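This is protein28.tsv (TSV, C-alpha atoms).
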```tsv
chain	number	residue	atom	x	y	z
A	634	MET	CA	94.78	256.61	31.36
A	635	SER	CA	96.00	253.13	32.30
A	636	ARG	CA	99.55	252.42	33.37
A	637	SER	CA	100.28	250.39	30.19
A	638	SER	CA	98.99	253.12	27.86
A	639	SER	CA	100.94	255.71	29.84
A	640	ALA	CA	104.12	253.63	29.44
A	641	LYS	CA	103.48	253.29	25.70
A	642	GLN	CA	103.01	257.05	25.40
A	643	HIS	CA	106.24	257.59	27.33
A	644	TRP	CA	108.24	255.32	25.01
A	645	ARG	CA	106.59	256.81	21.94
A	646	THR	CA	107.67	260.27	23.10
A	647	ARG	CA	111.22	259.09	23.71
A	648	LEU	CA	111.43	257.43	20.30
A	649	LEU	CA	110.17	260.59	18.64
A	650	ARG	CA	112.85	262.58	20.45
A	651	VAL	CA	115.58	260.17	19.36
A	652	ALA	CA	114.30	260.34	15.78
A	653	ALA	CA	114.33	264.13	15.94
A	654	VAL	CA	117.89	264.18	17.29
A	655	VAL	CA	118.98	262.12	14.28
A	656	ALA	CA	116.77	263.79	11.66
A	657	LEU	CA	117.36	267.42	12.57
A	658	PRO	CA	121.17	267.42	12.06
A	659	LEU	CA	120.78	265.37	8.87
A	660	TRP	CA	118.22	267.80	7.47
A	661	THR	CA	120.25	270.82	8.56
A	662	VAL	CA	123.40	269.65	6.77
A	663	GLY	CA	121.64	267.99	3.86
A	664	SER	CA	119.34	270.88	3.00
A	665	VAL	CA	122.02	273.58	3.01
A	666	PHE	CA	125.22	271.83	1.99
A	667	VAL	CA	123.88	269.06	-0.26
A	668	ILE	CA	120.53	270.06	-1.75
A	669	GLY	CA	121.47	273.74	-1.75
A	670	GLN	CA	124.73	273.12	-3.58
A	671	LEU	CA	123.14	270.75	-6.11
A	672	LEU	CA	120.42	273.27	-6.90
A	673	VAL	CA	122.95	276.08	-7.33
A	674	VAL	CA	125.07	273.94	-9.65
A	675	ALA	CA	121.95	273.14	-11.69
A	676	ILE	CA	120.91	276.81	-11.80
A	677	ILE	CA	124.35	277.98	-12.90
A	678	ALA	CA	124.78	275.18	-15.44
A	679	GLY	CA	121.39	275.97	-16.95
A	680	SER	CA	121.67	279.76	-16.93
A	681	LEU	CA	125.20	280.34	-18.27
A	682	PRO	CA	124.49	278.99	-21.79
A	683	GLN	CA	121.27	281.02	-21.91
A	684	LEU	CA	123.25	284.16	-21.09
A	685	GLY	CA	125.95	283.31	-23.61
A	686	ILE	CA	128.63	283.11	-20.90
A	687	LYS	CA	131.39	280.52	-21.00
A	688	ALA	CA	132.46	279.17	-17.62
A	689	GLY	CA	136.16	279.62	-18.42
A	690	THR	CA	135.74	283.36	-18.95
A	691	ILE	CA	134.46	284.11	-15.44
A	692	ASP	CA	136.89	285.41	-12.84
A	693	GLN	CA	137.41	282.59	-10.31
A	694	THR	CA	137.09	284.83	-7.26
A	695	VAL	CA	133.87	286.38	-8.52
A	696	ALA	CA	132.54	282.92	-9.35
A	697	LEU	CA	133.41	281.65	-5.87
A	698	MET	CA	131.76	284.63	-4.19
A	699	VAL	CA	128.57	284.40	-6.25
A	700	THR	CA	128.37	280.63	-5.85
A	701	SER	CA	128.93	280.83	-2.09
A	702	LEU	CA	126.24	283.49	-1.66
A	703	MET	CA	123.82	281.50	-3.82
A	704	VAL	CA	124.43	278.30	-1.83
A	705	TYR	CA	123.77	280.17	1.43
A	706	ALA	CA	120.58	281.75	0.10
A	707	VAL	CA	119.19	278.66	-1.66
A	708	GLY	CA	120.24	276.31	1.15
A	709	LEU	CA	118.59	278.49	3.78
A	710	ALA	CA	115.39	278.60	1.71
A	711	VAL	CA	115.40	274.80	1.39
A	712	LEU	CA	116.04	274.42	5.14
A	713	LEU	CA	113.00	276.54	6.01
A	714	ILE	CA	110.69	274.47	3.81
A	715	GLU	CA	110.43	272.01	6.71
A	716	PRO	CA	108.92	274.33	9.35
A	717	PHE	CA	106.79	276.18	6.76
A	718	ALA	CA	105.43	273.26	4.76
A	719	ILE	CA	105.61	270.25	7.11
A	720	ARG	CA	104.98	271.67	10.57
A	721	ARG	CA	103.08	274.65	9.12
A	722	LEU	CA	104.49	277.05	11.68
A	723	SER	CA	103.61	280.71	11.45
A	724	TRP	CA	106.32	283.23	10.55
A	725	ARG	CA	106.27	284.43	14.16
A	726	GLN	CA	106.87	280.88	15.44
A	727	ILE	CA	109.70	280.39	12.95
A	728	ARG	CA	111.37	283.64	13.99
A	729	ASP	CA	111.15	282.51	17.60
A	730	MET	CA	112.65	279.12	16.69
A	731	LEU	CA	115.51	280.83	14.82
A	732	GLY	CA	116.26	283.24	17.67
A	733	LEU	CA	115.15	286.24	15.62
A	734	SER	CA	111.96	287.13	17.50
A	735	ARG	CA	113.25	290.55	18.62
A	736	TRP	CA	115.45	293.36	17.35
A	737	ILE	CA	119.14	293.53	18.16
A	738	ARG	CA	120.03	295.24	21.45
A	739	PHE	CA	123.17	296.74	22.94
A	740	LYS	CA	123.51	293.76	25.26
A	741	ASP	CA	123.94	291.55	22.19
A	742	LEU	CA	127.02	293.54	21.16
A	743	VAL	CA	128.43	293.27	24.68
A	744	ALA	CA	127.69	289.54	24.66
A	745	ALA	CA	129.49	289.16	21.33
A	746	VAL	CA	132.69	290.80	22.63
A	747	ALA	CA	132.57	288.90	25.93
A	748	GLY	CA	131.85	285.69	24.05
A	749	TRP	CA	134.84	286.22	21.76
A	750	ALA	CA	137.10	286.72	24.79
A	751	GLY	CA	135.79	283.50	26.35
A	752	TYR	CA	136.15	281.62	23.07
A	753	LEU	CA	139.74	282.84	22.65
A	754	LEU	CA	140.63	281.67	26.15
A	755	LEU	CA	139.12	278.24	25.48
A	756	VAL	CA	141.01	277.94	22.18
A	757	ILE	CA	144.35	278.81	23.80
A	758	VAL	CA	143.85	276.30	26.62
A	759	LEU	CA	142.65	273.50	24.35
A	760	ALA	CA	145.33	274.14	21.72
A	761	ASN	CA	148.02	273.72	24.35
A	762	LEU	CA	146.40	270.56	25.70
A	763	VAL	CA	146.17	269.08	22.19
A	764	ALA	CA	149.78	270.00	21.47
A	765	LEU	CA	150.86	268.23	24.67
A	766	PHE	CA	148.74	265.09	24.61
A	767	VAL	CA	147.44	264.55	21.06
A	768	THR	CA	150.49	265.10	18.91
A	769	GLN	CA	148.88	263.38	15.90
A	770	ILE	CA	146.71	266.48	15.36
A	771	ASP	CA	148.36	269.47	13.71
A	772	ILE	CA	146.55	272.26	15.51
A	773	ASN	CA	148.15	274.84	13.18
A	774	GLU	CA	147.16	273.19	9.89
A	775	VAL	CA	146.05	275.87	7.43
A	776	GLN	CA	142.34	275.93	6.66
A	777	GLU	CA	141.37	275.77	3.00
A	778	ILE	CA	139.07	278.75	2.37
A	779	GLY	CA	139.06	278.77	-1.43
A	780	PHE	CA	140.00	282.43	-1.85
A	781	GLN	CA	143.51	283.53	-2.84
A	782	THR	CA	144.95	285.60	0.01
A	783	ASN	CA	147.45	287.51	-2.17
A	784	GLY	CA	145.05	288.58	-4.93
A	785	PRO	CA	144.10	292.12	-6.00
A	786	LEU	CA	142.01	294.50	-3.92
A	787	LEU	CA	138.64	293.49	-5.38
A	788	ASP	CA	139.35	289.82	-4.78
A	789	LYS	CA	140.07	290.55	-1.13
A	790	LEU	CA	136.85	292.52	-0.83
A	791	TYR	CA	134.87	289.70	-2.43
A	792	ALA	CA	136.39	287.27	0.08
A	793	GLY	CA	135.45	289.60	2.94
A	794	ILE	CA	131.81	289.70	1.84
A	795	VAL	CA	131.59	285.92	2.07
A	796	LEU	CA	133.82	285.23	5.07
A	797	VAL	CA	133.03	288.15	7.38
A	798	LEU	CA	129.43	289.00	6.48
A	799	ALA	CA	127.53	286.19	4.76
A	800	ALA	CA	129.03	283.16	6.50
A	801	PRO	CA	128.49	284.35	10.10
A	802	ILE	CA	124.92	285.48	9.46
A	803	VAL	CA	123.73	282.41	7.56
A	804	GLU	CA	125.65	279.84	9.61
A	805	GLU	CA	124.29	281.27	12.86
A	806	ILE	CA	120.73	281.17	11.50
A	807	VAL	CA	121.24	277.59	10.33
A	808	PHE	CA	123.07	276.13	13.33
A	809	ARG	CA	122.43	278.25	16.42
A	810	GLY	CA	119.05	279.24	15.00
A	811	TYR	CA	117.34	276.29	13.33
A	812	LEU	CA	119.30	273.34	14.75
A	813	GLN	CA	119.81	274.53	18.32
A	814	GLY	CA	116.37	276.13	18.41
A	815	ASN	CA	114.69	272.82	17.59
A	816	LEU	CA	116.94	270.61	19.72
A	817	ARG	CA	116.49	272.95	22.71
A	818	ARG	CA	112.81	272.05	22.85
A	819	LEU	CA	113.75	268.41	23.41
A	820	MET	CA	116.66	268.63	25.85
A	821	PRO	CA	118.74	270.91	28.12
A	822	TRP	CA	120.60	273.75	26.37
A	823	TRP	CA	124.05	272.27	27.01
A	824	LEU	CA	123.15	268.96	25.35
A	825	ALA	CA	121.54	270.75	22.42
A	826	GLY	CA	124.69	272.87	22.26
A	827	ILE	CA	127.00	269.85	22.19
A	828	ILE	CA	125.05	268.19	19.36
A	829	THR	CA	124.85	271.45	17.40
A	830	SER	CA	128.55	272.12	17.91
A	831	LEU	CA	129.60	268.62	16.90
A	832	VAL	CA	127.66	268.94	13.65
A	833	PHE	CA	129.08	272.42	13.08
A	834	GLY	CA	132.62	271.18	13.66
A	835	VAL	CA	132.23	268.15	11.38
A	836	VAL	CA	130.99	270.18	8.38
A	837	HIS	CA	134.22	272.19	8.39
A	838	GLY	CA	136.10	269.07	7.28
A	839	GLN	CA	139.40	269.44	9.18
A	840	VAL	CA	140.16	268.10	12.64
A	841	ASN	CA	141.93	271.22	13.91
A	842	VAL	CA	139.29	273.52	12.39
A	843	GLY	CA	136.57	271.28	13.77
A	844	ILE	CA	137.95	271.68	17.30
A	845	ASP	CA	138.09	275.45	16.89
A	846	THR	CA	134.58	275.73	15.47
A	847	PHE	CA	133.18	273.37	18.12
A	848	LEU	CA	134.35	275.79	20.80
A	849	LEU	CA	133.05	278.78	18.85
A	850	SER	CA	129.68	277.08	18.51
A	851	MET	CA	129.44	276.17	22.21
A	852	VAL	CA	130.01	279.80	23.18
A	853	ALA	CA	127.47	280.95	20.58
A	854	CYS	CA	124.95	278.39	21.89
A	855	TYR	CA	125.47	279.72	25.40
A	856	LEU	CA	124.96	283.29	24.18
A	857	ARG	CA	121.66	282.33	22.59
A	858	GLU	CA	120.53	280.68	25.80
A	859	ARG	CA	121.47	283.73	27.88
A	860	THR	CA	120.15	286.46	25.55
A	861	GLY	CA	117.27	284.65	23.89
A	862	ALA	CA	118.51	285.52	20.40
A	863	ILE	CA	121.31	284.64	17.97
A	864	TYR	CA	122.61	288.20	17.53
A	865	GLY	CA	125.38	287.70	20.08
A	866	GLY	CA	126.50	284.58	18.22
A	867	ILE	CA	126.45	286.43	14.91
A	868	GLY	CA	128.61	289.19	16.39
A	869	LEU	CA	131.00	286.66	17.95
A	870	HIS	CA	131.26	284.82	14.62
A	871	MET	CA	131.92	288.08	12.76
A	872	ILE	CA	134.65	289.11	15.18
A	873	LYS	CA	136.35	285.73	14.92
A	874	ASN	CA	136.13	285.60	11.12
A	875	GLY	CA	137.02	289.27	10.79
A	876	ILE	CA	140.26	288.86	12.72
A	877	ALA	CA	141.17	285.73	10.75
A	878	TYR	CA	140.33	287.55	7.51
A	879	TYR	CA	142.56	290.49	8.41
A	880	LEU	CA	145.47	288.22	9.33
A	881	LEU	CA	145.13	286.21	6.11
A	882	PHE	CA	144.49	289.03	3.64
A	883	TRP	CA	145.77	292.32	5.04
A	884	ALA	CA	148.19	291.88	7.95
A	885	PRO	CA	151.83	292.90	7.33
A	886	PRO	CA	154.46	290.10	7.41
A	887	TRP	CA	156.04	291.41	10.62
A	888	LEU	CA	152.72	290.99	12.47
A	889	ILE	CA	152.30	287.43	11.21
A	890	GLN	CA	155.86	286.62	12.33
A	891	LEU	CA	155.22	288.21	15.72
A	892	LEU	CA	152.03	286.22	16.27
A	893	GLY	CA	153.72	283.03	15.03
A	894	ALA	CA	156.49	283.49	17.53
```
Let me see the file written as structure tokens.
Amino acid sequence: MSRSSSAKQHWRTRLLRVAAVVALPLWTVGSVFVIGQLLVVAIIAGSLPQLGIKAGTIDQTVALMVTSLMVYAVGLAVLLIEPFAIRRLSWRQIRDMLGLSRWIRFKDLVAAVAGWAGYLLLVIVLANLVALFVTQIDINEVQEIGFQTNGPLLDKLYAGIVLVLAAPIVEEIVFRGYLQGNLRRLMPWWLAGIITSLVFGVVHGQVNVGIDTFLLSMVACYLRERTGAIYGGIGLHMIKNGIAYYLLFWAPPWLIQLLGA
């Protein structure tokens, strides 16, 4: 191969990598949170009249839970159209890309607990730095989660299904699985982790929440790199969301006051 053709091949490879770095985050977010939501809205709007159900008669918490679970399921299905239909990867190759090529092991549980401890330390340090030097950001701004925290028992359980179970599993498959798994083939893990974490933080829509979720994602990306799977990240995500869920929905007032102090 001549030097000129080799140089052209080199630049072609670099351009393809740049295109992938732009296209992969766009497809990740667009497939799950845009196309997935639009499809779910269309499905619900088309099915309710057929079932003789009026939208105003449905319990809001039940509707939010069902809609959230449908968006996760439909969005994940749309996301995986790309590797199945375009790249025509085998199921084994897709499981490897998603970090699901093996069964969960005890070391994944240990990694999840250790990762949560590291994430908590990072959050505490960064929160204090932000409070000192970036006073325009309200690090304690309440995150809008959609669910009523003072509702009846069933409403709290519905919220737990979405926040503690479904969200960590699907979001880890989408971000630390699909997005990081594809970016990792093009660049070092830390750079793939930064891009993945920036996208993950942005989709949460609040600056303070974005900072928190960026750190969570970086730790989860590291856990995938170390363990070869996303189970540690799923466990970390469940621990983090589980603690937040308890504090929001179940914790007694005296504990909230103690932690606030």
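If you count only C-alpha atoms and ignore residues fewer than 2 places along the chain from region 672-680 of chain A, what sits within 8 Å of it is Ile668, Gly669, Gln670, Pro682, Gln683, Leu684, Thr700, Met703, Val704 and Val707 of chain A.
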Dump as a CSV table (one decimal), in the frame of the given file, selection limited to C-alpha atoms:
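File produced: part_19.csv:
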```csv
chain,number,residue,atom,x,y,z
A,668,ILE,CA,120.5,270.1,-1.8
A,669,GLY,CA,121.5,273.7,-1.8
A,670,GLN,CA,124.7,273.1,-3.6
A,682,PRO,CA,124.5,279.0,-21.8
A,683,GLN,CA,121.3,281.0,-21.9
A,684,LEU,CA,123.2,284.2,-21.1
A,700,THR,CA,128.4,280.6,-5.8
A,703,MET,CA,123.8,281.5,-3.8
A,704,VAL,CA,124.4,278.3,-1.8
A,707,VAL,CA,119.2,278.7,-1.7
```
One decimal, Å: what's the distance from CA of Leu819 (chain A) over to CA of Gly834 (chain A), could you say?
21.4 Å
Counting all atoms listed in the file, the residue among A:Leu659, A:Leu856, A:Val654, A:Leu787 that lies closest to Leu742 (chain A) is A:Leu856
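Here CA of Ile827 (chain A) and CA of Met851 (chain A) stand 6.8 Å from one another.
The environment of Val797 (chain A) within 10 Å, counting all atoms listed in the file and disregarding residues fewer than 6 places along the same chain, consists of His870, Met871, Ile872, Lys873, Asn874, Gly875, Ile876, Ala877, Tyr878 and Tyr879 of chain A.
Near Ala800 (chain A), within 10 Å and counting only C-alpha atoms, sit Ser701, Leu702, Tyr705, Gly793, Ile794, Ile806, Ile867, His870, Met871 and Asn874 of chain A; same-chain residues fewer than 6 positions away were not included.
Distances from A:Asn841, A:Ser723, A:Thr860, A:Thr661 to Thr829 (chain A) were compared using all atoms listed in the file, and the smallest one belongs to A:Thr661.
From CA of Ala718 (chain A) back to CA of Phe833 (chain A), the distance works out to 25.1 Å.
Of the residues listed (A:Asn815, A:Asn773, A:Thr690, A:Ser850), A:Ser850 shows the shortest atom-to-atom separation from Leu831 (chain A); distances use only C-alpha atoms.
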